[in-house]
file work19.txt (compact mmCIF, C-alpha atoms)
# COMPACT_ATOMS: atom_id res chain seq x y z
CA MET A 300 -33.81 -36.72 -47.73
CA THR A 301 -34.94 -34.88 -50.84
CA GLU A 302 -32.86 -32.23 -52.56
CA ALA A 303 -35.28 -29.58 -51.26
CA MET A 304 -34.61 -30.74 -47.71
CA ALA A 305 -30.82 -30.40 -48.01
CA GLY A 306 -30.87 -26.73 -47.00
CA SER A 307 -29.75 -23.63 -48.83
CA ALA A 308 -26.42 -23.46 -50.62
CA ARG A 309 -25.96 -20.09 -48.94
CA MET A 310 -25.93 -21.55 -45.44
CA GLN A 311 -23.89 -24.56 -46.46
CA ALA A 312 -21.19 -22.15 -47.67
CA VAL A 313 -21.01 -20.38 -44.29
CA GLN A 314 -18.11 -21.55 -42.12
CA ALA A 315 -18.98 -23.59 -39.06
CA PRO A 316 -18.45 -21.55 -35.87
CA VAL A 317 -15.33 -22.76 -34.08
CA ILE A 318 -16.47 -21.99 -30.53
CA PRO A 319 -19.10 -24.81 -30.43
CA ASP A 320 -16.56 -27.27 -31.86
CA VAL A 321 -14.10 -26.50 -29.06
CA ALA A 322 -16.94 -26.55 -26.52
CA ALA A 323 -17.82 -30.08 -27.67
CA LEU A 324 -14.23 -31.17 -27.02
CA LEU A 325 -14.37 -29.64 -23.55
CA ARG A 326 -17.58 -31.54 -22.74
CA GLU A 327 -15.68 -34.76 -23.50
CA CYS A 328 -12.80 -33.61 -21.25
CA PRO A 329 -14.50 -31.78 -18.36
CA GLU A 330 -11.27 -31.42 -16.36
CA ALA A 331 -9.67 -29.33 -19.10
CA ILE A 332 -9.14 -25.60 -18.53
CA SER A 333 -10.59 -23.41 -21.26
CA LEU A 334 -8.49 -20.50 -22.48
CA GLY A 335 -10.95 -20.13 -25.31
CA GLN A 336 -14.04 -18.27 -24.15
CA GLY A 337 -14.18 -14.53 -24.78
CA VAL A 338 -15.93 -13.37 -21.61
CA VAL A 339 -14.86 -11.77 -18.34
CA HIS A 340 -14.48 -13.62 -15.04
CA TYR A 341 -16.17 -10.98 -12.89
CA PRO A 342 -19.96 -10.71 -12.32
CA PRO A 343 -22.34 -7.98 -13.49
CA PRO A 344 -22.54 -4.90 -11.26
CA PRO A 345 -25.12 -5.02 -8.45
CA GLN A 346 -27.07 -2.16 -10.06
CA VAL A 347 -28.04 -4.63 -12.82
CA PHE A 348 -29.89 -6.86 -10.36
CA ASP A 349 -31.50 -3.89 -8.65
CA ALA A 350 -32.88 -2.72 -12.01
CA VAL A 351 -34.13 -6.19 -12.97
CA ARG A 352 -35.89 -6.67 -9.62
CA GLN A 353 -37.90 -3.52 -10.30
CA PHE A 354 -39.02 -4.83 -13.70
CA GLY A 355 -42.11 -6.89 -14.48
CA GLY A 356 -44.71 -5.65 -12.03
CA GLN A 357 -46.74 -3.73 -14.62
CA ALA A 358 -48.69 -5.33 -17.46
CA ASP A 359 -47.06 -3.13 -20.08
CA ASP A 360 -43.61 -4.31 -18.96
CA HIS A 361 -44.45 -7.42 -20.98
CA HIS A 362 -45.70 -5.73 -24.15
CA TYR A 363 -43.79 -5.04 -27.35
CA ARG A 364 -41.73 -1.88 -27.10
CA GLU A 365 -39.90 0.46 -29.47
CA ALA A 366 -37.82 -1.28 -32.13
CA ALA A 367 -34.87 1.04 -31.54
CA GLY A 368 -34.87 0.63 -27.75
CA ILE A 369 -36.77 2.05 -24.79
CA ALA A 370 -36.41 5.81 -24.30
CA PRO A 371 -34.67 5.72 -20.88
CA LEU A 372 -31.94 3.44 -22.23
CA CYS A 373 -31.47 5.46 -25.42
CA ASP A 374 -31.15 8.64 -23.34
CA GLY A 375 -28.64 6.95 -21.06
CA LEU A 376 -26.62 5.73 -24.03
CA ARG A 377 -26.42 9.21 -25.51
CA GLN A 378 -24.99 10.45 -22.22
CA LYS A 379 -22.53 7.53 -22.04
CA LEU A 380 -21.37 8.07 -25.63
CA SER A 381 -20.64 11.71 -24.90
CA ALA A 382 -18.86 11.08 -21.59
CA ASP A 383 -16.89 7.93 -22.43
CA ASN A 384 -16.36 8.05 -26.19
CA GLY A 385 -16.51 11.73 -27.06
CA ILE A 386 -19.37 11.00 -29.48
CA VAL A 387 -21.84 13.89 -29.27
CA LEU A 388 -24.82 12.90 -31.37
CA ASP A 389 -26.34 15.27 -33.86
CA GLU A 390 -29.79 13.72 -33.92
CA ALA A 391 -30.50 15.36 -37.26
CA THR A 392 -27.93 13.04 -38.84
CA GLN A 393 -27.42 10.05 -36.49
CA ASP A 394 -28.88 8.23 -33.50
CA VAL A 395 -28.56 5.22 -31.21
CA PHE A 396 -30.23 1.91 -31.99
CA VAL A 397 -30.44 -0.91 -29.41
CA THR A 398 -30.09 -4.54 -30.50
CA ALA A 399 -29.85 -8.02 -29.01
CA GLY A 400 -26.06 -7.83 -28.84
CA SER A 401 -23.62 -6.19 -31.24
CA ASN A 402 -23.49 -9.30 -33.46
CA MET A 403 -27.11 -8.62 -34.35
CA ALA A 404 -26.30 -4.97 -34.93
CA PHE A 405 -23.62 -6.00 -37.42
CA TYR A 406 -26.00 -8.33 -39.28
CA HIS A 407 -28.65 -5.61 -39.47
CA ILE A 408 -26.11 -3.21 -41.00
CA VAL A 409 -24.92 -5.75 -43.59
CA LEU A 410 -28.53 -6.45 -44.61
CA CYS A 411 -29.18 -2.74 -44.96
CA LEU A 412 -26.06 -2.05 -47.03
CA CYS A 413 -25.46 -5.08 -49.23
CA ASP A 414 -27.11 -6.64 -52.22
CA PRO A 415 -26.02 -10.13 -53.34
CA GLY A 416 -22.46 -10.01 -54.63
CA ASP A 417 -21.53 -6.79 -52.84
CA GLU A 418 -18.33 -6.70 -50.82
CA VAL A 419 -17.38 -5.83 -47.26
CA VAL A 420 -13.71 -5.30 -46.37
CA VAL A 421 -12.55 -6.99 -43.16
CA MET A 422 -9.09 -7.00 -41.62
CA SER A 423 -6.90 -10.07 -41.23
CA PRO A 424 -7.46 -11.69 -38.82
CA PHE A 425 -11.22 -11.16 -38.98
CA TYR A 426 -13.87 -11.92 -36.37
CA PHE A 427 -15.53 -15.09 -37.60
CA ASN A 428 -19.12 -14.01 -36.83
CA HIS A 429 -18.61 -10.94 -39.04
CA GLU A 430 -17.45 -13.06 -41.95
CA MET A 431 -20.34 -15.46 -41.38
CA ALA A 432 -22.92 -12.65 -41.33
CA ILE A 433 -21.56 -11.24 -44.59
CA ALA A 434 -21.88 -14.66 -46.23
CA MET A 435 -25.43 -15.10 -44.90
CA ALA A 436 -26.38 -11.85 -46.63
CA ASN A 437 -25.08 -13.26 -49.94
CA ALA A 438 -22.28 -10.71 -49.87
CA LYS A 439 -18.52 -11.32 -49.93
CA ALA A 440 -15.90 -10.64 -47.27
CA VAL A 441 -12.71 -9.22 -48.79
CA VAL A 442 -9.63 -9.39 -46.55
CA ALA A 443 -7.16 -6.53 -46.09
CA GLU A 444 -3.82 -7.48 -44.55
CA THR A 445 -2.58 -6.02 -41.27
CA ASP A 446 1.05 -5.56 -40.21
CA ALA A 447 3.23 -7.96 -38.22
CA ARG A 448 1.61 -6.79 -34.96
CA TYR A 449 -1.90 -6.98 -36.48
CA GLY A 450 -2.04 -3.20 -36.81
CA LEU A 451 -4.34 -1.44 -39.28
CA GLN A 452 -2.80 -0.57 -42.69
CA PRO A 453 -4.84 2.07 -44.58
CA ASP A 454 -2.99 1.44 -47.86
CA ALA A 455 -3.88 -2.25 -47.70
CA VAL A 456 -7.53 -1.26 -47.24
CA ARG A 457 -7.41 1.08 -50.23
CA ASP A 458 -5.88 -1.67 -52.37
CA VAL A 459 -8.85 -4.05 -51.94
CA ILE A 460 -11.70 -1.56 -52.40
CA THR A 461 -13.67 -2.13 -55.63
CA PRO A 462 -16.87 -0.69 -57.13
CA ARG A 463 -18.77 -3.45 -55.26
CA THR A 464 -17.42 -2.44 -51.82
CA ARG A 465 -20.15 -1.24 -49.47
CA ALA A 466 -18.32 -1.08 -46.13
CA VAL A 467 -15.01 -1.41 -44.31
CA VAL A 468 -14.98 -3.10 -40.88
CA THR A 469 -12.49 -2.30 -38.13
CA ILE A 470 -12.42 -3.92 -34.68
CA SER A 471 -10.46 -2.06 -32.03
CA PRO A 472 -9.52 -3.26 -29.47
CA ASN A 473 -9.34 -6.32 -31.66
CA ASN A 474 -10.79 -9.79 -31.46
CA PRO A 475 -8.85 -12.08 -31.97
CA SER A 476 -5.48 -10.31 -31.77
CA GLY A 477 -5.88 -7.81 -28.92
CA ALA A 478 -4.39 -5.06 -31.12
CA VAL A 479 -5.55 -1.48 -30.53
CA TYR A 480 -5.58 0.41 -33.81
CA ASP A 481 -3.62 3.62 -34.15
CA GLU A 482 -5.76 6.77 -34.15
CA ASP A 483 -4.19 8.14 -37.32
CA ALA A 484 -4.71 4.84 -39.16
CA LEU A 485 -8.37 4.79 -38.11
CA ARG A 486 -8.74 8.38 -39.28
CA GLN A 487 -7.22 7.54 -42.67
CA VAL A 488 -9.59 4.60 -43.12
CA ASN A 489 -12.55 6.74 -42.08
CA GLU A 490 -11.59 9.45 -44.56
CA LEU A 491 -11.09 6.79 -47.25
CA CYS A 492 -14.63 5.54 -46.66
CA CYS A 493 -15.93 9.10 -47.02
CA GLU A 494 -13.95 9.54 -50.23
CA LYS A 495 -15.29 6.29 -51.70
CA GLY A 496 -18.88 6.79 -50.54
CA ILE A 497 -18.90 3.66 -48.37
CA VAL A 498 -19.59 2.99 -44.68
CA HIS A 499 -17.00 2.56 -41.93
CA ILE A 500 -18.29 -0.04 -39.44
CA SER A 501 -16.34 0.31 -36.18
CA ASP A 502 -16.79 -2.58 -33.73
CA GLU A 503 -15.90 -1.32 -30.25
CA ALA A 504 -17.14 -4.13 -28.00
CA TYR A 505 -13.84 -4.08 -26.04
CA GLU A 506 -13.69 -0.28 -25.71
CA TYR A 507 -12.65 -0.24 -22.03
CA PHE A 508 -10.04 -3.02 -22.21
CA THR A 509 -6.72 -1.29 -22.93
CA TYR A 510 -3.36 -1.56 -21.18
CA ASP A 511 -0.02 0.21 -20.69
CA GLY A 512 -1.60 3.64 -21.12
CA VAL A 513 -2.84 2.87 -24.65
CA ARG A 514 -6.10 4.66 -25.55
CA HIS A 515 -9.04 3.45 -27.59
CA HIS A 516 -10.35 5.84 -30.24
CA SER A 517 -13.89 5.96 -31.66
CA PRO A 518 -13.94 6.92 -35.38
CA ALA A 519 -17.33 8.59 -34.85
CA THR A 520 -15.47 11.40 -33.07
CA PHE A 521 -13.65 12.38 -36.28
CA SER A 522 -14.92 15.49 -38.03
CA ASP A 523 -17.43 14.96 -40.84
CA SER A 524 -17.79 11.27 -39.97
CA ALA A 525 -21.45 11.14 -38.88
CA ASP A 526 -22.95 10.36 -42.28
CA HIS A 527 -20.75 7.35 -43.11
CA THR A 528 -19.76 5.84 -39.73
CA VAL A 529 -21.52 3.08 -37.78
CA SER A 530 -20.23 2.34 -34.26
CA LEU A 531 -21.06 -0.96 -32.55
CA PHE A 532 -21.00 -1.41 -28.77
CA SER A 533 -21.88 -4.18 -26.34
CA PHE A 534 -22.74 -4.77 -22.69
CA SER A 535 -21.47 -8.37 -22.94
CA LYS A 536 -17.83 -7.69 -22.14
CA SER A 537 -17.47 -4.61 -19.93
CA TYR A 538 -20.50 -5.38 -17.76
CA ALA A 539 -20.44 -9.20 -17.91
CA LEU A 540 -23.89 -9.40 -19.52
CA ALA A 541 -22.95 -11.87 -22.27
CA ASN A 542 -26.10 -13.99 -22.25
CA TRP A 543 -28.47 -11.08 -21.63
CA ARG A 544 -27.93 -10.17 -25.31
CA VAL A 545 -28.01 -6.41 -25.30
CA GLY A 546 -25.87 -4.10 -27.43
CA TYR A 547 -26.33 -0.94 -29.44
CA MET A 548 -25.02 1.08 -32.33
CA VAL A 549 -24.64 4.65 -33.46
CA ALA A 550 -25.83 4.86 -37.06
CA PRO A 551 -26.47 7.54 -39.68
CA ARG A 552 -30.11 8.54 -39.81
CA TRP A 553 -30.39 7.49 -43.46
CA LEU A 554 -29.89 3.87 -42.30
CA LEU A 555 -32.50 3.92 -39.54
CA ARG A 556 -35.52 3.03 -41.67
CA GLY A 557 -33.78 -0.06 -42.98
CA LEU A 558 -32.66 -0.95 -39.46
CA GLN A 559 -36.25 -0.72 -38.25
CA LYS A 560 -37.35 -3.13 -40.98
CA SER A 561 -34.62 -5.63 -40.15
CA GLN A 562 -35.18 -5.38 -36.40
CA ASP A 563 -38.97 -5.71 -36.71
CA THR A 564 -38.60 -8.82 -38.87
CA ILE A 565 -35.87 -10.61 -36.94
CA LEU A 566 -36.49 -9.50 -33.35
CA ILE A 567 -39.44 -7.04 -33.18
CA CYS A 568 -37.76 -5.29 -30.24
CA PRO A 569 -34.78 -5.94 -27.98
CA PRO A 570 -35.75 -7.92 -24.85
CA VAL A 571 -37.02 -5.27 -22.45
CA VAL A 572 -35.77 -7.00 -19.29
CA SER A 573 -32.26 -6.97 -20.81
CA GLN A 574 -32.63 -3.27 -21.57
CA HIS A 575 -33.42 -2.65 -17.90
CA ALA A 576 -30.32 -4.66 -16.99
CA ALA A 577 -28.36 -2.37 -19.32
CA LEU A 578 -29.79 0.66 -17.55
CA GLY A 579 -28.46 -0.73 -14.29
CA ALA A 580 -25.05 -1.24 -15.90
CA LEU A 581 -25.00 2.38 -17.05
CA GLN A 582 -25.69 3.46 -13.47
CA ALA A 583 -22.57 1.54 -12.40
CA GLY A 584 -20.63 3.20 -15.20
CA ARG A 585 -17.21 2.70 -16.69
CA SER A 586 -15.52 2.73 -13.29
CA TYR A 587 -16.99 -0.71 -12.59
CA CYS A 588 -15.03 -2.23 -15.46
CA ASP A 589 -11.95 -0.09 -14.83
CA ALA A 590 -11.62 -1.61 -11.36
CA TYR A 591 -10.75 -4.96 -13.00
CA ILE A 592 -8.44 -3.70 -15.75
CA GLU A 593 -5.27 -3.65 -13.63
CA GLY A 594 -5.80 -7.29 -12.68
CA LEU A 595 -6.35 -8.27 -16.30
CA GLU A 596 -3.18 -6.42 -17.27
CA ARG A 597 -1.20 -8.48 -14.75
CA VAL A 598 -2.72 -11.70 -16.07
CA ARG A 599 -1.84 -10.67 -19.63
CA SER A 600 1.80 -10.12 -18.62
CA MET A 601 1.89 -13.47 -16.87
CA ALA A 602 0.50 -15.24 -19.95
CA LEU A 603 3.08 -13.56 -22.20
CA ASP A 604 5.87 -14.61 -19.82
CA HIS A 605 4.69 -18.21 -20.02
CA LEU A 606 4.67 -18.19 -23.83
CA SER A 607 8.10 -16.57 -24.06
CA VAL A 608 9.82 -19.80 -22.96
CA LEU A 609 8.76 -21.38 -26.27
CA GLY A 610 11.15 -19.07 -28.13
CA ASP A 611 10.83 -19.00 -31.90
CA ARG A 612 8.39 -21.89 -31.84
CA CYS A 613 5.68 -19.40 -30.80
CA THR A 614 5.41 -15.78 -31.96
CA VAL A 615 3.06 -13.55 -29.94
CA PRO A 616 2.99 -9.76 -30.35
CA THR A 617 2.24 -7.96 -27.09
CA SER A 618 -1.43 -7.04 -27.33
CA ASP A 619 -2.57 -3.68 -25.96
CA GLY A 620 -6.26 -4.44 -25.60
CA ALA A 621 -9.21 -6.83 -25.24
CA PHE A 622 -8.22 -10.03 -23.40
CA TYR A 623 -6.68 -12.11 -26.16
CA LEU A 624 -3.24 -13.18 -27.34
CA LEU A 625 -2.84 -14.45 -30.90
CA ALA A 626 0.02 -16.95 -31.12
CA ARG A 627 1.61 -18.13 -34.37
CA LEU A 628 3.08 -21.60 -33.96
CA SER A 629 6.01 -23.04 -35.88
CA SER A 630 4.12 -26.13 -37.01
CA GLN A 631 2.77 -27.76 -40.16
CA LEU A 632 -0.13 -29.22 -38.19
CA GLU A 633 -3.66 -28.01 -38.78
CA PRO A 634 -4.62 -25.70 -35.88
CA MET A 635 -7.64 -27.81 -34.95
CA GLN A 636 -5.33 -30.83 -34.65
CA VAL A 637 -3.23 -28.86 -32.16
CA VAL A 638 -6.35 -27.85 -30.22
CA GLU A 639 -7.63 -31.43 -30.06
CA ARG A 640 -4.29 -32.68 -28.73
CA LEU A 641 -4.10 -29.85 -26.19
CA VAL A 642 -7.55 -30.70 -24.85
CA ARG A 643 -7.29 -34.50 -24.87
CA GLU A 644 -3.63 -34.93 -23.89
CA HIS A 645 -2.85 -31.82 -21.84
CA GLY A 646 -6.16 -30.59 -20.37
CA VAL A 647 -6.25 -27.10 -21.84
CA ALA A 648 -8.15 -25.47 -24.71
CA ALA A 649 -7.59 -22.51 -27.02
CA ILE A 650 -9.33 -21.44 -30.22
CA PRO A 651 -7.84 -22.36 -33.63
CA GLY A 652 -6.85 -19.41 -35.79
CA SER A 653 -8.41 -20.98 -38.88
CA GLY A 654 -11.80 -19.63 -37.78
CA PHE A 655 -10.40 -16.10 -38.06
CA GLY A 656 -9.24 -16.58 -41.65
CA LEU A 657 -5.59 -17.35 -40.81
CA GLN A 658 -3.86 -19.87 -43.06
CA ASP A 659 -0.94 -20.94 -40.87
CA CYS A 660 -1.08 -22.51 -37.42
CA TYR A 661 -2.41 -19.92 -34.97
CA LEU A 662 -4.13 -20.12 -31.58
CA ARG A 663 -6.24 -17.46 -29.91
CA ILE A 664 -5.63 -17.54 -26.16
CA ALA A 665 -8.25 -15.82 -23.97
CA TYR A 666 -7.22 -14.78 -20.46
CA GLY A 667 -10.30 -12.87 -19.28
CA ALA A 668 -12.76 -15.61 -18.36
CA LEU A 669 -10.86 -17.13 -15.44
CA ASP A 670 -9.23 -15.90 -12.25
CA GLY A 671 -5.49 -15.30 -12.47
CA GLU A 672 -4.52 -18.49 -10.60
CA THR A 673 -6.54 -20.66 -13.00
CA VAL A 674 -5.14 -18.83 -16.03
CA ALA A 675 -1.63 -19.51 -14.70
CA LEU A 676 -2.42 -23.23 -14.38
CA GLY A 677 -3.92 -23.24 -17.86
CA MET A 678 -0.85 -21.49 -19.28
CA ASP A 679 1.41 -24.09 -17.59
CA ARG A 680 -0.55 -26.84 -19.31
CA LEU A 681 -0.58 -24.96 -22.62
CA VAL A 682 3.19 -24.40 -22.67
CA GLN A 683 3.95 -27.97 -21.63
CA GLY A 684 1.59 -29.26 -24.28
CA LEU A 685 2.99 -27.06 -27.03
CA ARG A 686 6.54 -28.10 -26.14
CA ARG A 687 5.61 -31.72 -26.80
CA ILE A 688 3.46 -31.02 -29.85
CA LEU A 689 5.95 -28.66 -31.53
CA ASP A 690 9.14 -30.63 -30.79

call {"tool": "encode", "arguments": {"input": "work19.txt", "output": "structure tokens"}}
result
Amino acid sequence: MTEAMAGSARMQAVQAPVIPDVAALLRECPEAISLGQGVVHYPPPPQVFDAVRQFGGQADDHHYREAAGIAPLCDGLRQKLSADNGIVLDEATQDVFVTAGSNMAFYHIVLCLCDPGDEVVVMSPFYFNHEMAIAMANAKAVVAETDARYGLQPDAVRDVITPRTRAVVTISPNNPSGAVYDEDALRQVNELCCEKGIVHISDEAYEYFTYDGVRHHSPATFSDSADHTVSLFSFSKSYALANWRVGYMVAPRWLLRGLQKSQDTILICPPVVSQHAALGALQAGRSYCDAYIEGLERVRSMALDHLSVLGDRCTVPTSDGAFYLLARLSSQLEPMQVVERLVREHGVAAIPGSGFGLQDCYLRIAYGALDGETVALGMDRLVQGLRRILD
């Protein structure tokens, strides 16, 4: 292989995604239970399949369509944003933009905001695909610390902002910790971004997944936020459309021309059949997801009860959202070593915290992808395995 065929230094510097590494382990141990995958166990609503069955009969169903999304979906999203999030769009200053999942939306935004060497502030722990996208754009992820329960700390964000900062990213409800950020903390960060002339990117893929009466708050509802706030949303989690790849964002109008350029180059337009599936999901509405939340809350409590028997060998703050628990283990082992032993010796998988920028031994435990009985069996295996590994 010649030097030219070795690939770019930029891509070589990007961390390897941890999910495929764990998936490879699971393929070697097919009887293992995965507590790693961040998806829901329930199917898409029936309205999705009704909408898809009506698609494809006309020739123009198969043509290129609008880069920002088909008009019926964009109209439906504006209504959803108003009803569910309290975001009433002023189309003179902001609008919706449909993408092939919210990961793509995030990458579009980073490309539009950052030149090489610019900085994007992310919280610890960060979502690995965000950090990877920032690196792919030749920008730099700068980490702001959260508190002991992974809560947002506005002062820590202020401390890491520099003249090269172009955006601050918050994820609430959070992946990987399950934390739901305090409304006042989100407001302070949003106001800080306005003060500094930078963009607040709010990832809200888990917007409906909150427990114990805790509420999710969209920063785009704050006064005077429209010109510097980007909100990312997804159909992957709430409506179980993970591999249909359809998400959307609310973005300031001054960003839309750049977004059109990025979308036209990378994707041309979001897959139209997936947009029709999204229309069906909107017909089902938030109540479809809400019907499963109580069950997920019970599974979360059961998983926490299992982990509590490990005592001070495993520290897990009670998460108020998403469907993750982030466990800190009392171990000097590398987290991937722990994961490999859990899979091979104990038949259960979790995701190593190293992929989320955590330096000590952490595991992300996902409890949404399986029915409660299977999660309970997986938690039994996990606790038994950790007892042996940590003793």

call {"tool": "residues_near_point", "arguments": {"input": "work19.txt", "point": "(-11.1, -16.0, -35.5)", "cutoff": "6 Å", "atoms": "only C-alpha atoms", "output": "number ranges by chain"}}
result
A: 425-427, 475, 652, 654-655

call {"tool": "closest_residue", "arguments": {"input": "work19.txt", "among": "A:Asp690, A:Asp523, A:Glu596, A:Glu327", "to": "Gly620 (chain A)", "atoms": "all atoms listed in the file"}}
result
A:Glu596

call {"tool": "closest_residue", "arguments": {"input": "work19.txt", "among": "A:Gln636, A:Ser537, A:Ser586, A:Asn437", "to": "Gly667 (chain A)", "atoms": "all atoms listed in the file"}}
result
A:Ser537

call {"tool": "atom_distance", "arguments": {"input": "work19.txt", "atom1": "CA of Arg486 (chain A)", "atom2": "CA of Leu451 (chain A)"}}
result
10.8 Å

call {"tool": "residues_around", "arguments": {"input": "work19.txt", "residues": "Pro343 (chain A)", "least_positions_apart": "5", "cutoff": "10 Å", "atoms": "all atoms listed in the file", "output": "list in words"}}
result
Phe348, Phe534, Ser535, Lys536, Ser537, Tyr538, Ala539, Leu540, Ala541, Ala576, Gly579, Ala580, Ala583, Tyr587 and Cys588 of chain A

call {"tool": "closest_residue", "arguments": {"input": "work19.txt", "among": "A:Ala602, A:Leu485, A:Leu554, A:Val338", "to": "Leu410 (chain A)", "atoms": "all atoms listed in the file"}}
result
A:Leu554

call {"tool": "closest_residue", "arguments": {"input": "work19.txt", "among": "A:Val674, A:Leu609, A:Val313, A:Val468", "to": "Ala626 (chain A)", "atoms": "only C-alpha atoms"}}
result
A:Leu609

call {"tool": "atom_distance", "arguments": {"input": "work19.txt", "atom1": "CA of Ala350 (chain A)", "atom2": "CA of Val545 (chain A)"}}
result
14.6 Å

call {"tool": "residues_around", "arguments": {"input": "work19.txt", "residues": "Gly496 (chain A)", "least_positions_apart": "2", "cutoff": "10 Å", "atoms": "only C-alpha atoms", "output": "PyMOL selection string"}}
result
chain A and resi 464-466+490-494+498-499+526-527

call {"tool": "closest_residue", "arguments": {"input": "work19.txt", "among": "A:Met310, A:Ile460, A:Leu676, A:Cys660", "to": "Met601 (chain A)", "atoms": "only C-alpha atoms"}}
result
A:Leu676

call {"tool": "closest_residue", "arguments": {"input": "work19.txt", "among": "A:Cys613, A:Met431, A:Leu555, A:Val321", "to": "Val642 (chain A)", "atoms": "only C-alpha atoms"}}
result
A:Val321

call {"tool": "atom_distance", "arguments": {"input": "work19.txt", "atom1": "CA of Gly416 (chain A)", "atom2": "CA of Glu430 (chain A)"}}
result
14.0 Å

call {"tool": "residues_around", "arguments": {"input": "work19.txt", "residues": "Val572 (chain A)", "least_positions_apart": "6", "cutoff": "8 Å", "atoms": "only C-alpha atoms", "output": "NGL selection string"}}
result
:A and (351 or 354-355)

call {"tool": "decode", "arguments": {"input": "work19.txt", "residues": "region 301-344 of chain A", "atoms": "C-alpha atoms", "output": "compact mmCIF listing (two decimals), in the first residue's frame"}}
result
# COMPACT_ATOMS: atom_id res chain seq x y z
CA THR A 301 1.32 3.42 -0.95
CA GLU A 302 1.29 6.39 1.39
CA ALA A 303 -1.51 7.93 -0.70
CA MET A 304 -3.62 4.83 -0.12
CA ALA A 305 -3.29 4.96 3.67
CA GLY A 306 -6.28 7.29 4.06
CA SER A 307 -6.56 10.76 5.50
CA ALA A 308 -4.97 11.69 8.81
CA ARG A 309 -8.27 13.34 9.66
CA MET A 310 -10.22 10.08 9.57
CA GLN A 311 -7.46 8.11 11.24
CA ALA A 312 -7.71 10.53 14.18
CA VAL A 313 -11.46 9.92 14.60
CA GLN A 314 -12.28 7.45 17.37
CA ALA A 315 -13.59 4.06 16.31
CA PRO A 316 -17.32 3.75 17.10
CA VAL A 317 -17.80 1.45 20.09
CA ILE A 318 -21.20 0.04 19.08
CA PRO A 319 -19.81 -2.04 16.15
CA ASP A 320 -17.02 -3.37 18.39
CA VAL A 321 -19.53 -4.64 20.94
CA ALA A 322 -21.75 -5.95 18.14
CA ALA A 323 -18.81 -8.01 16.86
CA LEU A 324 -18.41 -9.57 20.31
CA LEU A 325 -22.11 -10.41 20.38
CA ARG A 326 -21.88 -12.13 16.99
CA GLU A 327 -19.22 -14.42 18.50
CA CYS A 328 -21.49 -15.08 21.52
CA PRO A 329 -25.02 -15.20 20.07
CA GLU A 330 -26.60 -16.38 23.35
CA ALA A 331 -25.51 -13.21 25.14
CA ILE A 332 -28.13 -10.61 26.10
CA SER A 333 -27.35 -7.11 24.86
CA LEU A 334 -27.93 -4.24 27.27
CA GLY A 335 -26.06 -2.05 24.83
CA GLN A 336 -28.33 -1.00 21.99
CA GLY A 337 -30.05 2.37 22.26
CA VAL A 338 -33.41 1.56 20.69
CA VAL A 339 -36.91 0.79 21.96
CA HIS A 340 -38.43 -2.68 22.18
CA TYR A 341 -41.85 -1.71 20.82
CA PRO A 342 -42.76 -1.53 17.09
CA PRO A 343 -43.61 1.55 15.02
CA PRO A 344 -47.24 2.70 15.19
